[in-house]
Amino acid sequence: MGTLTGSETKFWVTSSIAATVMTRLKRESIIPMIHSPNLPEEEYTIAFSRKAKKAAATERNIETLIHPHRQTYHILAIELDQEKQLVSLEDATYTIGRHKANAIVLDDQTVSRNHAFLLRICDVNTKQHSFRIIDGDLNGNRSQNGLWVNGKRCFVHDLQDHDVISFGENVHATYISTSSLSDPRIDLEQNNVQSLPVPLPRPILAPGSILFHKATLGNAQAIQESLVQQHPGDAAFIRLSSFPELTPLPIIETDLDGKITYINPAATAKFPELRTLKRHLLTDGLYETLVQEQSEYVVREIEIGSSIYEQAIYCILQSGLIRSYLIDISQHRRTEQQLRLSEARYAAAAKGANDGLWDWDLHANTIYYSDRWKSMLGYSEQEIGDSPDEWFNRIHPQDQERVTEDLSAHLKGDTPQFECEYRILHKNGEYLWFRGRGLALRNDQNQAFRIAGSQTDVTAYYSTRAQLEYKAHHDEMTQLPNRVLFMERLTHAFRMAKRHQNRIFAVIFLDLDRFKIINDSLGHAVGDQLLIEVAKRLQHCLRKQDTIARFGGDEFALLLDTIEDAAEAIQIAQRILSALKTKISLEQHDVYTSASIGIAVSSQNYQSPEELLQDADTAMYRAKKHGKNCFEVFCAGMRAQVNTQLQLETDLQRAISNHELHLVYQPIVDLRTESIVGFEALLRWHHPERGLIPPSEFIPVAEDAGLMVSIDWWVLTEACQQMAYWLKTYPNAADLTVNVNISAHQFLQSTFCEKVTAIIQETEMQPHHLKLEITEGVILSNAPNISEQLNKLKELGIQLAIDDFGTGYSSLSYLYAFPLDVLKVDYSFVSRMDQDNGREIVRTIVNLGQNLKMEVVAEGVETKIQQEYLREMGCEYAQGYLFSRPLDNEAVESLLTNQTQLNTSAFPATITV
């Protein structure tokens with residue numbers, strides 16, 4: 001026991017207190033670990049009656065509560081450089097390491113500067129001492145090569161007799177606990193060691209006394225050569241005495257009745273009321289708690305205000321006091337609570353997640369599969385184990401190599417994460433598509449030891465993609481192959497005929513007679529049903545190896561893969577004409593139709609498959625000229641006899657000169673508010689004799705004649721000039737936009753962007769009010785050039801729309817590659833929304849546009865039901881006859897003049913073009 005001069009404050013330390021407190025200090029990061037001084041411990045135990053009770057106090061026999069002391073020597077036999085040195089462990093603590101400031105210096109490069117420290121501890125039952133060794137320095141820094149006891153690496157270990165300790169690679173020590181100095185393991189003569197300070201036991205040990213003297217039996221020189229570095233006792237005493245006054249850890253001492261005898265500055269600052277209150281939560285029930293636990297050391301948690309403290313309570317019976325150390329564990333408890341909450345959330349998330357989770361221990365080669373992972377494949381929790389084979393053996397054989405390569409690349413560190421899409425076998429025998437993702441955990445050598453991830457069922461995505469790919473090669477309405485697939489098969493047949501000169505095939509081009517009359521008089525719905533029925537009849541007329549495709553409108557192309565001669569093709573054409581003569585009943589209408597058919601038979605004179613198709617088309621026009629409902633076989637003279645097409649081309653050139661072409665504007669409305677947000681500019685031709693000629697008739701002629709480019713530039717100029725005028729003149733038009741269609745020929749001009757810029761400047765059109773519509777065919781015609789042009793347009797502030805999406809090539813790649821703003825759903829899809837499959841296709845396109853942050857506009861909306869379907873899907877905008885037919889300039893200006901709020905109820909239904 002020591003006394004601090006001038007302060008009357010007493011302070012005692014025991015090794016068990018030091019171990020507990022310093023471990024807690026280190027864990028809570030309050031103060032660094034402190035080197036205990038070379039002072040003896042104070043013996044202590046617990047009393048079982050209160051000192052305040054005078055009757056009991058006279059009967060208390062403290063000596064009977066203390067176990068008799070047995071004399072034990074604690075020795076560390078250190079082997080270094082093939083020499084053994086014995087160290088008698090007398091002090092409370094020892095630091096061990098290569099640095100000269102350590103108490104025990106081990107001069108070896110494999111030993112850390114501060115490798116370990118020894119702490120003396122006391123057995124409360126036997127009152128005997130032993131030592132605890134801890135890895136690292138007193139600040140919690142671990143040694144570089146670790147601490148090994150009996151061949152096992154450890155951080156802390158309570159030493160037992162015969163324990164072998166390894167420091168680094170070359171230094172070993174044996175801990176010896178013996179009651180006899182004649183123990184052969186410490187035979188000084190045999191080991192030729194002169195560095196053992198032999199302690200001299202005191203004959204009578206009283207509470208508070210030291211266990212050994214600090215002197216030895218002579219041999220003062222041996223002490224100086226010992227590995228133990230001695231420190232002046234006064235310095236150690238001062239260092240120890242300053243600890244309670246300087247530590248931020250609150251320390252409170254009371255007598256056995258709970259009366260405070262000492263509080264350190266940290267406790268005073270934290271609990272100022274302790275100096276005035278007679279009772280406090282921190283001092284109530286301390287003695288009773290110790291008695292109840294039958295221990296002189298108890299730890300309890302106590303809550304004061306919003307803080308939670310861990311109170312370590314020690315009874316020092318010999319001094320008649322109880323000492324408490326307080327550590328604020330509020331943050332620790334909150335962290336534990338958050339951790340438990342986080343774990344609960346993770347467990348709930350894993351259980352409720354739609355994705356299947358997996359966790360692969362690469363060392364044990366076992367995988368944890370979540371219940372959801374198993375159920376996604378149709379299995380219960382018990383049906384799948386933890387082997388990797390449960391996963392990889394179910395992967396489709398064609399995908400296994402790819403999955404293995406992607407996984408290996410990530411584990412090697414070549415990729416930032418594992419991500420792969422593959423098919424995996426369901427319990428029902430079907431293969432489903434999954435997207436697997438994972439991230440590896442790595443050690444200090446960047447080697448993966450664990451990888452965890454998830455798998456997502458993307459079967460619906462692949463099913464949708466398959467549908468879109470199918471749509472890319474098939475006509476949506478008739479489900480027949482489209483032009484793309486037909487040309488692929490025609491090209492294949494052409495190449496086969498080139499290789500085998502005796503092989504003959506034929507192309508039939510068919511156009512329905514008077515279809516426009518039926519479509520215009522009975523409506524598009526009836527016209528569509530007619531096309532579907534015609535497609536079915538045509539299929540019945542062909543052989544299995546033949547191909548029939550719808551080219552668009554009422555045009556069909558047939559590929560007769562292998563025929564004997566032209567007579568066989570003529571026989572099939574006659575069969576088609578006969579099948580179409582039968583009455584067709586459509587929605588209470590009996591319809592009769594016929595077809596004009598052109599036939600082109602292959603020969604070695606053809607240089608490309610397109611020539612065959614062109615000649616079949618020419619023969620079809622010849623059949624129309626000859627009265628329709630007939631067929632013609634192409635011959636060389638027909639190329640100069642397509643008078644109808646030439647006449648139309650001549651009339652079109654005159655129409656351009658006479659300004660017979662004009663624009664009309666169809667409103668585009670917001671489906672939520674039914675207000676007008678813009679117009680689409682549409683080209684019209686009023687023929688002096690034939691009246692209104694639809695664009696589907698004269699635009700192909702204009703393209704073939706090379707007139708379309710000049711027409712396109714006129715359309716863009718006229719639309720910009722008109723919209724610029726409306727924007728300046730009518731306040732209601734301030735937010736309107738105009739959509740203008742751009743052709744492939746126009747777009748592929750090298751000066752396209754420069755011309756668009758010039759038109760905008762010339763017409764004083766604001767670029768953000770202009771939307772250019774391009775088709776899939778335009779984009780795919782010359783992708784590199786298109787990409788450059790589109791980016792330039794975006795820089796000008798012009799918005800870009802993809803028109804007739806899904807009716808052409810339907811390649812999804814360009815939606816990601818190009819800066820498109822608007823996706824327009826084609827009329828052919830909208831008109832099929834009364835069918836479940838049709839609605840799902842439109843929903844898929846709408847969702848696709850939304851996911852790509854694009855505006856979605858539905859074309860050809862004609863019924864309220866279609867409008868409601870589109871609203872439910874989240875489609876933003878629409879245009880069609882339900883809202884308004886295309887309007888001429890006067891009708892649009894009347895609308896803008898008379899309406900302060902644009903809505904569909906104000907559309908002039910009679911002023912249409």
# chains A, B, ... in the order shown; residues from 1 in each chain; ligands from 1
$ residues_around --residues "segment 646-658 of chain A" --least-positions-apart "4" --cutoff "8 Å" --atoms "only C-alpha atoms" --output "MDAnalysis selection string"
chainID A and resid 642 685 687 698 701:702 705 707 711
$ residues_around --residues "His99 of chain A" --least-positions-apart "6" --cutoff "12 Å" --atoms "only C-alpha atoms" --output "CSV table (one decimal) with C-alpha atoms, in the first residue's frame"
chain,number,residue,atom,x,y,z
A,105,VAL,CA,15.1,-7.7,-24.0
A,106,LEU,CA,15.3,-10.5,-26.7
A,107,ASP,CA,17.9,-9.4,-29.2
A,108,ASP,CA,16.7,-11.3,-32.4
A,109,GLN,CA,15.5,-9.8,-35.7
A,111,VAL,CA,11.2,-10.7,-32.5
A,112,SER,CA,9.1,-7.6,-32.7
A,113,ARG,CA,10.2,-4.4,-31.0
A,114,ASN,CA,7.4,-4.8,-28.5
A,115,HIS,CA,6.4,-8.5,-28.8
A,116,ALA,CA,4.5,-9.4,-25.7
A,137,ASP,CA,2.5,-4.0,-26.8
A,229,GLN,CA,15.7,-4.4,-16.9
$ closest_residue --among "A:Ala312, A:Ala452, A:Ile424, A:Ile786" --to "Thr366 of chain A" --atoms "only C-alpha atoms"
A:Ala452
$ closest_residue --among "A:Trp360, A:Tyr368, A:Phe752, A:Trp726" --to "Trp713 of chain A" --atoms "only C-alpha atoms"
A:Phe752
$ select_by_dssp --residues "segment 360-512 of chain A" --states "alpha helix (DSSP H)" --output "PDB file with N, CA, C and O atoms, in the first residue's frame"
ATOM      1  N   ASP A 371     -33.102 -20.334 -49.000  1.00  0.00           N
ATOM      2  CA  ASP A 371     -34.341 -21.051 -49.309  1.00  0.00           C
ATOM      3  C   ASP A 371     -34.930 -20.567 -50.622  1.00  0.00           C
ATOM      4  O   ASP A 371     -35.481 -21.356 -51.406  1.00  0.00           O
ATOM      5  N   ARG A 372     -34.817 -19.268 -50.877  1.00  0.00           N
ATOM      6  CA  ARG A 372     -35.353 -18.713 -52.116  1.00  0.00           C
ATOM      7  C   ARG A 372     -34.597 -19.262 -53.317  1.00  0.00           C
ATOM      8  O   ARG A 372     -35.193 -19.563 -54.352  1.00  0.00           O
ATOM      9  N   TRP A 373     -33.278 -19.419 -53.189  1.00  0.00           N
ATOM     10  CA  TRP A 373     -32.463 -19.981 -54.285  1.00  0.00           C
ATOM     11  C   TRP A 373     -32.992 -21.367 -54.654  1.00  0.00           C
ATOM     12  O   TRP A 373     -33.119 -21.707 -55.829  1.00  0.00           O
ATOM     13  N   LYS A 374     -33.281 -22.150 -53.631  1.00  0.00           N
ATOM     14  CA  LYS A 374     -33.751 -23.512 -53.879  1.00  0.00           C
ATOM     15  C   LYS A 374     -35.165 -23.522 -54.455  1.00  0.00           C
ATOM     16  O   LYS A 374     -35.468 -24.274 -55.387  1.00  0.00           O
ATOM     17  N   SER A 375     -36.023 -22.677 -53.900  1.00  0.00           N
ATOM     18  CA  SER A 375     -37.409 -22.680 -54.364  1.00  0.00           C
ATOM     19  C   SER A 375     -37.520 -22.167 -55.794  1.00  0.00           C
ATOM     20  O   SER A 375     -38.446 -22.548 -56.520  1.00  0.00           O
ATOM     21  N   MET A 376     -36.597 -21.298 -56.211  1.00  0.00           N
ATOM     22  CA  MET A 376     -36.624 -20.820 -57.596  1.00  0.00           C
ATOM     23  C   MET A 376     -36.440 -21.968 -58.584  1.00  0.00           C
ATOM     24  O   MET A 376     -36.871 -21.877 -59.732  1.00  0.00           O
ATOM     25  N   ASP A 389     -21.764 -28.760 -56.775  1.00  0.00           N
ATOM     26  CA  ASP A 389     -22.396 -29.536 -57.842  1.00  0.00           C
ATOM     27  C   ASP A 389     -23.897 -29.302 -57.898  1.00  0.00           C
ATOM     28  O   ASP A 389     -24.514 -29.469 -58.963  1.00  0.00           O
ATOM     29  N   GLU A 390     -24.505 -28.943 -56.755  1.00  0.00           N
ATOM     30  CA  GLU A 390     -25.934 -28.673 -56.752  1.00  0.00           C
ATOM     31  C   GLU A 390     -26.269 -27.529 -57.705  1.00  0.00           C
ATOM     32  O   GLU A 390     -27.373 -27.458 -58.244  1.00  0.00           O
ATOM     33  N   TRP A 391     -25.319 -26.657 -57.910  1.00  0.00           N
ATOM     34  CA  TRP A 391     -25.486 -25.510 -58.815  1.00  0.00           C
ATOM     35  C   TRP A 391     -25.003 -25.852 -60.222  1.00  0.00           C
ATOM     36  O   TRP A 391     -25.760 -25.794 -61.190  1.00  0.00           O
ATOM     37  N   PHE A 392     -23.728 -26.224 -60.326  1.00  0.00           N
ATOM     38  CA  PHE A 392     -23.106 -26.313 -61.649  1.00  0.00           C
ATOM     39  C   PHE A 392     -23.595 -27.516 -62.451  1.00  0.00           C
ATOM     40  O   PHE A 392     -23.611 -27.464 -63.681  1.00  0.00           O
ATOM     41  N   PRO A 397     -25.653 -27.498 -70.522  1.00  0.00           N
ATOM     42  CA  PRO A 397     -24.324 -27.865 -71.037  1.00  0.00           C
ATOM     43  C   PRO A 397     -23.705 -26.797 -71.943  1.00  0.00           C
ATOM     44  O   PRO A 397     -22.489 -26.598 -71.921  1.00  0.00           O
ATOM     45  N   GLN A 398     -24.540 -26.100 -72.706  1.00  0.00           N
ATOM     46  CA  GLN A 398     -24.003 -25.077 -73.609  1.00  0.00           C
ATOM     47  C   GLN A 398     -23.552 -23.820 -72.858  1.00  0.00           C
ATOM     48  O   GLN A 398     -22.819 -23.006 -73.414  1.00  0.00           O
ATOM     49  N   ASP A 399     -23.966 -23.652 -71.605  1.00  0.00           N
ATOM     50  CA  ASP A 399     -23.625 -22.458 -70.832  1.00  0.00           C
ATOM     51  C   ASP A 399     -22.541 -22.712 -69.787  1.00  0.00           C
ATOM     52  O   ASP A 399     -22.005 -21.757 -69.221  1.00  0.00           O
ATOM     53  N   GLN A 400     -22.233 -23.985 -69.493  1.00  0.00           N
ATOM     54  CA  GLN A 400     -21.321 -24.288 -68.386  1.00  0.00           C
ATOM     55  C   GLN A 400     -19.934 -23.691 -68.600  1.00  0.00           C
ATOM     56  O   GLN A 400     -19.349 -23.111 -67.682  1.00  0.00           O
ATOM     57  N   GLU A 401     -19.400 -23.807 -69.792  1.00  0.00           N
ATOM     58  CA  GLU A 401     -18.051 -23.288 -70.041  1.00  0.00           C
ATOM     59  C   GLU A 401     -18.004 -21.778 -69.868  1.00  0.00           C
ATOM     60  O   GLU A 401     -17.064 -21.236 -69.276  1.00  0.00           O
ATOM     61  N   ARG A 402     -19.039 -21.092 -70.340  1.00  0.00           N
ATOM     62  CA  ARG A 402     -19.066 -19.631 -70.228  1.00  0.00           C
ATOM     63  C   ARG A 402     -19.174 -19.205 -68.763  1.00  0.00           C
ATOM     64  O   ARG A 402     -18.502 -18.264 -68.332  1.00  0.00           O
ATOM     65  N   VAL A 403     -20.007 -19.884 -67.989  1.00  0.00           N
ATOM     66  CA  VAL A 403     -20.142 -19.543 -66.572  1.00  0.00           C
ATOM     67  C   VAL A 403     -18.818 -19.773 -65.853  1.00  0.00           C
ATOM     68  O   VAL A 403     -18.373 -18.944 -65.045  1.00  0.00           O
ATOM     69  N   THR A 404     -18.173 -20.908 -66.156  1.00  0.00           N
ATOM     70  CA  THR A 404     -16.895 -21.218 -65.506  1.00  0.00           C
ATOM     71  C   THR A 404     -15.832 -20.184 -65.850  1.00  0.00           C
ATOM     72  O   THR A 404     -15.065 -19.742 -64.983  1.00  0.00           O
ATOM     73  N   GLU A 405     -15.765 -19.763 -67.098  1.00  0.00           N
ATOM     74  CA  GLU A 405     -14.775 -18.766 -67.508  1.00  0.00           C
ATOM     75  C   GLU A 405     -15.028 -17.422 -66.815  1.00  0.00           C
ATOM     76  O   GLU A 405     -14.088 -16.787 -66.319  1.00  0.00           O
ATOM     77  N   ASP A 406     -16.282 -16.984 -66.761  1.00  0.00           N
ATOM     78  CA  ASP A 406     -16.594 -15.699 -66.120  1.00  0.00           C
ATOM     79  C   ASP A 406     -16.294 -15.748 -64.624  1.00  0.00           C
ATOM     80  O   ASP A 406     -15.778 -14.779 -64.051  1.00  0.00           O
ATOM     81  N   LEU A 407     -16.610 -16.873 -63.993  1.00  0.00           N
ATOM     82  CA  LEU A 407     -16.358 -17.004 -62.560  1.00  0.00           C
ATOM     83  C   LEU A 407     -14.858 -17.037 -62.279  1.00  0.00           C
ATOM     84  O   LEU A 407     -14.362 -16.379 -61.359  1.00  0.00           O
ATOM     85  N   SER A 408     -14.109 -17.787 -63.082  1.00  0.00           N
ATOM     86  CA  SER A 408     -12.660 -17.875 -62.887  1.00  0.00           C
ATOM     87  C   SER A 408     -11.993 -16.525 -63.096  1.00  0.00           C
ATOM     88  O   SER A 408     -11.066 -16.163 -62.370  1.00  0.00           O
ATOM     89  N   ALA A 409     -12.473 -15.781 -64.085  1.00  0.00           N
ATOM     90  CA  ALA A 409     -11.890 -14.461 -64.361  1.00  0.00           C
ATOM     91  C   ALA A 409     -12.052 -13.532 -63.161  1.00  0.00           C
ATOM     92  O   ALA A 409     -11.145 -12.783 -62.807  1.00  0.00           O
ATOM     93  N   HIS A 410     -13.203 -13.594 -62.512  1.00  0.00           N
ATOM     94  CA  HIS A 410     -13.395 -12.733 -61.339  1.00  0.00           C
ATOM     95  C   HIS A 410     -12.562 -13.214 -60.162  1.00  0.00           C
ATOM     96  O   HIS A 410     -11.962 -12.403 -59.449  1.00  0.00           O
ATOM     97  N   LEU A 411     -12.491 -14.514 -59.934  1.00  0.00           N
ATOM     98  CA  LEU A 411     -11.715 -15.016 -58.806  1.00  0.00           C
ATOM     99  C   LEU A 411     -10.231 -14.706 -58.972  1.00  0.00           C
ATOM    100  O   LEU A 411      -9.519 -14.494 -57.995  1.00  0.00           O
ATOM    101  N   THR A 459     -36.067 -15.226 -66.886  1.00  0.00           N
ATOM    102  CA  THR A 459     -36.754 -15.992 -67.928  1.00  0.00           C
ATOM    103  C   THR A 459     -37.750 -15.117 -68.674  1.00  0.00           C
ATOM    104  O   THR A 459     -37.868 -15.202 -69.905  1.00  0.00           O
ATOM    105  N   ALA A 460     -38.468 -14.274 -67.931  1.00  0.00           N
ATOM    106  CA  ALA A 460     -39.455 -13.403 -68.570  1.00  0.00           C
ATOM    107  C   ALA A 460     -38.781 -12.453 -69.559  1.00  0.00           C
ATOM    108  O   ALA A 460     -39.313 -12.196 -70.646  1.00  0.00           O
ATOM    109  N   TYR A 461     -37.587 -11.961 -69.171  1.00  0.00           N
ATOM    110  CA  TYR A 461     -36.861 -11.067 -70.078  1.00  0.00           C
ATOM    111  C   TYR A 461     -36.487 -11.791 -71.368  1.00  0.00           C
ATOM    112  O   TYR A 461     -36.666 -11.269 -72.471  1.00  0.00           O
ATOM    113  N   TYR A 462     -35.955 -13.012 -71.220  1.00  0.00           N
ATOM    114  CA  TYR A 462     -35.556 -13.756 -72.417  1.00  0.00           C
ATOM    115  C   TYR A 462     -36.764 -14.167 -73.240  1.00  0.00           C
ATOM    116  O   TYR A 462     -36.690 -14.235 -74.469  1.00  0.00           O
ATOM    117  N   SER A 463     -37.873 -14.431 -72.555  1.00  0.00           N
ATOM    118  CA  SER A 463     -39.091 -14.740 -73.297  1.00  0.00           C
ATOM    119  C   SER A 463     -39.550 -13.527 -74.092  1.00  0.00           C
ATOM    120  O   SER A 463     -39.936 -13.646 -75.261  1.00  0.00           O
ATOM    121  N   THR A 464     -39.471 -12.346 -73.445  1.00  0.00           N
ATOM    122  CA  THR A 464     -39.844 -11.121 -74.151  1.00  0.00           C
ATOM    123  C   THR A 464     -38.896 -10.844 -75.308  1.00  0.00           C
ATOM    124  O   THR A 464     -39.313 -10.450 -76.402  1.00  0.00           O
ATOM    125  N   ARG A 465     -37.603 -11.073 -75.050  1.00  0.00           N
ATOM    126  CA  ARG A 465     -36.635 -10.849 -76.121  1.00  0.00           C
ATOM    127  C   ARG A 465     -36.867 -11.799 -77.283  1.00  0.00           C
ATOM    128  O   ARG A 465     -36.742 -11.414 -78.458  1.00  0.00           O
ATOM    129  N   ALA A 466     -37.233 -13.057 -76.943  1.00  0.00           N
ATOM    130  CA  ALA A 466     -37.530 -14.012 -78.008  1.00  0.00           C
ATOM    131  C   ALA A 466     -38.734 -13.555 -78.818  1.00  0.00           C
ATOM    132  O   ALA A 466     -38.768 -13.706 -80.047  1.00  0.00           O
ATOM    133  N   GLN A 467     -39.718 -12.972 -78.088  1.00  0.00           N
ATOM    134  CA  GLN A 467     -40.876 -12.464 -78.810  1.00  0.00           C
ATOM    135  C   GLN A 467     -40.486 -11.306 -79.731  1.00  0.00           C
ATOM    136  O   GLN A 467     -40.950 -11.216 -80.866  1.00  0.00           O
ATOM    137  N   LEU A 468     -39.630 -10.427 -79.210  1.00  0.00           N
ATOM    138  CA  LEU A 468     -39.197  -9.298 -80.047  1.00  0.00           C
ATOM    139  C   LEU A 468     -38.371  -9.774 -81.232  1.00  0.00           C
ATOM    140  O   LEU A 468     -38.477  -9.233 -82.342  1.00  0.00           O
ATOM    141  N   GLU A 469     -37.530 -10.788 -80.998  1.00  0.00           N
ATOM    142  CA  GLU A 469     -36.762 -11.342 -82.109  1.00  0.00           C
ATOM    143  C   GLU A 469     -37.693 -12.005 -83.118  1.00  0.00           C
ATOM    144  O   GLU A 469     -37.470 -11.929 -84.329  1.00  0.00           O
ATOM    145  N   TYR A 470     -38.713 -12.666 -82.586  1.00  0.00           N
ATOM    146  CA  TYR A 470     -39.703 -13.256 -83.488  1.00  0.00           C
ATOM    147  C   TYR A 470     -40.389 -12.159 -84.288  1.00  0.00           C
ATOM    148  O   TYR A 470     -40.607 -12.283 -85.500  1.00  0.00           O
ATOM    149  N   LYS A 471     -40.748 -11.069 -83.580  1.00  0.00           N
ATOM    150  CA  LYS A 471     -41.380  -9.954 -84.267  1.00  0.00           C
ATOM    151  C   LYS A 471     -40.465  -9.324 -85.306  1.00  0.00           C
ATOM    152  O   LYS A 471     -40.936  -8.774 -86.295  1.00  0.00           O
ATOM    153  N   ALA A 472     -39.165  -9.401 -85.056  1.00  0.00           N
ATOM    154  CA  ALA A 472     -38.223  -8.827 -86.012  1.00  0.00           C
ATOM    155  C   ALA A 472     -38.240  -9.576 -87.332  1.00  0.00           C
ATOM    156  O   ALA A 472     -37.823  -9.042 -88.361  1.00  0.00           O
ATOM    157  N   HIS A 473     -38.695 -10.823 -87.306  1.00  0.00           N
ATOM    158  CA  HIS A 473     -38.709 -11.638 -88.526  1.00  0.00           C
ATOM    159  C   HIS A 473     -40.112 -12.036 -88.956  1.00  0.00           C
ATOM    160  O   HIS A 473     -40.268 -12.816 -89.907  1.00  0.00           O
ATOM    161  N   ARG A 483     -40.414  -9.249 -94.475  1.00  0.00           N
ATOM    162  CA  ARG A 483     -39.474  -9.083 -95.584  1.00  0.00           C
ATOM    163  C   ARG A 483     -38.067  -9.562 -95.218  1.00  0.00           C
ATOM    164  O   ARG A 483     -37.363 -10.165 -96.032  1.00  0.00           O
ATOM    165  N   VAL A 484     -37.653  -9.281 -93.970  1.00  0.00           N
ATOM    166  CA  VAL A 484     -36.293  -9.645 -93.553  1.00  0.00           C
ATOM    167  C   VAL A 484     -36.080 -11.150 -93.648  1.00  0.00           C
ATOM    168  O   VAL A 484     -35.109 -11.626 -94.244  1.00  0.00           O
ATOM    169  N   LEU A 485     -36.981 -11.912 -93.031  1.00  0.00           N
ATOM    170  CA  LEU A 485     -36.837 -13.365 -93.046  1.00  0.00           C
ATOM    171  C   LEU A 485     -36.999 -13.912 -94.457  1.00  0.00           C
ATOM    172  O   LEU A 485     -36.286 -14.856 -94.847  1.00  0.00           O
ATOM    173  N   PHE A 486     -37.913 -13.323 -95.227  1.00  0.00           N
ATOM    174  CA  PHE A 486     -38.099 -13.784 -96.605  1.00  0.00           C
ATOM    175  C   PHE A 486     -36.818 -13.598 -97.418  1.00  0.00           C
ATOM    176  O   PHE A 486     -36.411 -14.501 -98.167  1.00  0.00           O
ATOM    177  N   MET A 487     -36.179 -12.439 -97.267  1.00  0.00           N
ATOM    178  CA  MET A 487     -34.967 -12.187 -98.030  1.00  0.00           C
ATOM    179  C   MET A 487     -33.830 -13.120 -97.595  1.00  0.00           C
ATOM    180  O   MET A 487     -32.997 -13.528 -98.416  1.00  0.00           O
ATOM    181  N   GLU A 488     -33.782 -13.475 -96.298  1.00  0.00           N
ATOM    182  CA  GLU A 488     -32.770 -14.433 -95.847  1.00  0.00           C
ATOM    183  C   GLU A 488     -32.965 -15.781 -96.533  1.00  0.00           C
ATOM    184  O   GLU A 488     -32.003 -16.400 -97.014  1.00  0.00           O
ATOM    185  N   ARG A 489     -34.206 -16.243 -96.596  1.00  0.00           N
ATOM    186  CA  ARG A 489     -34.473 -17.543 -97.217  1.00  0.00           C
ATOM    187  C   ARG A 489     -34.320 -17.468 -98.733  1.00  0.00           C
ATOM    188  O   ARG A 489     -33.856 -18.431 -99.357  1.00  0.00           O
ATOM    189  N   LEU A 490     -34.711 -16.343 -99.314  1.00  0.00           N
ATOM    190  CA  LEU A 490     -34.527 -16.174-100.756  1.00  0.00           C
ATOM    191  C   LEU A 490     -33.037 -16.170-101.107  1.00  0.00           C
ATOM    192  O   LEU A 490     -32.617 -16.773-102.101  1.00  0.00           O
ATOM    193  N   THR A 491     -32.228 -15.501-100.283  1.00  0.00           N
ATOM    194  CA  THR A 491     -30.783 -15.474-100.514  1.00  0.00           C
ATOM    195  C   THR A 491     -30.192 -16.873-100.409  1.00  0.00           C
ATOM    196  O   THR A 491     -29.328 -17.259-101.212  1.00  0.00           O
ATOM    197  N   HIS A 492     -30.640 -17.641 -99.443  1.00  0.00           N
ATOM    198  CA  HIS A 492     -30.158 -19.020 -99.295  1.00  0.00           C
ATOM    199  C   HIS A 492     -30.517 -19.855-100.527  1.00  0.00           C
ATOM    200  O   HIS A 492     -29.678 -20.599-101.057  1.00  0.00           O
ATOM    201  N   ALA A 493     -31.775 -19.736-100.996  1.00  0.00           N
ATOM    202  CA  ALA A 493     -32.191 -20.495-102.185  1.00  0.00           C
ATOM    203  C   ALA A 493     -31.395 -20.063-103.415  1.00  0.00           C
ATOM    204  O   ALA A 493     -31.023 -20.897-104.259  1.00  0.00           O
ATOM    205  N   PHE A 494     -31.105 -18.760-103.509  1.00  0.00           N
ATOM    206  CA  PHE A 494     -30.332 -18.250-104.647  1.00  0.00           C
ATOM    207  C   PHE A 494     -28.926 -18.850-104.660  1.00  0.00           C
ATOM    208  O   PHE A 494     -28.415 -19.257-105.708  1.00  0.00           O
ATOM    209  N   ARG A 495     -28.283 -18.900-103.487  1.00  0.00           N
ATOM    210  CA  ARG A 495     -26.932 -19.460-103.403  1.00  0.00           C
ATOM    211  C   ARG A 495     -26.920 -20.945-103.709  1.00  0.00           C
ATOM    212  O   ARG A 495     -25.999 -21.450-104.373  1.00  0.00           O
ATOM    213  N   MET A 496     -27.930 -21.651-103.231  1.00  0.00           N
ATOM    214  CA  MET A 496     -28.008 -23.084-103.520  1.00  0.00           C
ATOM    215  C   MET A 496     -28.182 -23.325-105.015  1.00  0.00           C
ATOM    216  O   MET A 496     -27.601 -24.256-105.587  1.00  0.00           O
ATOM    217  N   ALA A 497     -28.976 -22.474-105.681  1.00  0.00           N
ATOM    218  CA  ALA A 497     -29.171 -22.618-107.121  1.00  0.00           C
ATOM    219  C   ALA A 497     -27.893 -22.311-107.884  1.00  0.00           C
ATOM    220  O   ALA A 497     -27.627 -22.906-108.945  1.00  0.00           O
ATOM    221  N   LYS A 498     -27.071 -21.407-107.382  1.00  0.00           N
ATOM    222  CA  LYS A 498     -25.797 -21.111-108.027  1.00  0.00           C
ATOM    223  C   LYS A 498     -24.850 -22.303-107.928  1.00  0.00           C
ATOM    224  O   LYS A 498     -24.060 -22.561-108.836  1.00  0.00           O
ATOM    225  N   ARG A 499     -24.912 -23.014-106.790  1.00  0.00           N
ATOM    226  CA  ARG A 499     -24.039 -24.183-106.624  1.00  0.00           C
ATOM    227  C   ARG A 499     -24.533 -25.374-107.432  1.00  0.00           C
ATOM    228  O   ARG A 499     -23.735 -26.153-107.944  1.00  0.00           O
TER     229      ARG A 499
END
$ select_by_dssp --residues "segment 563-681 of chain A" --states "strand (DSSP E)" --output "MDAnalysis selection string"
chainID A and resid 584:586 589:591 595:601 630:633 661:670 676:681
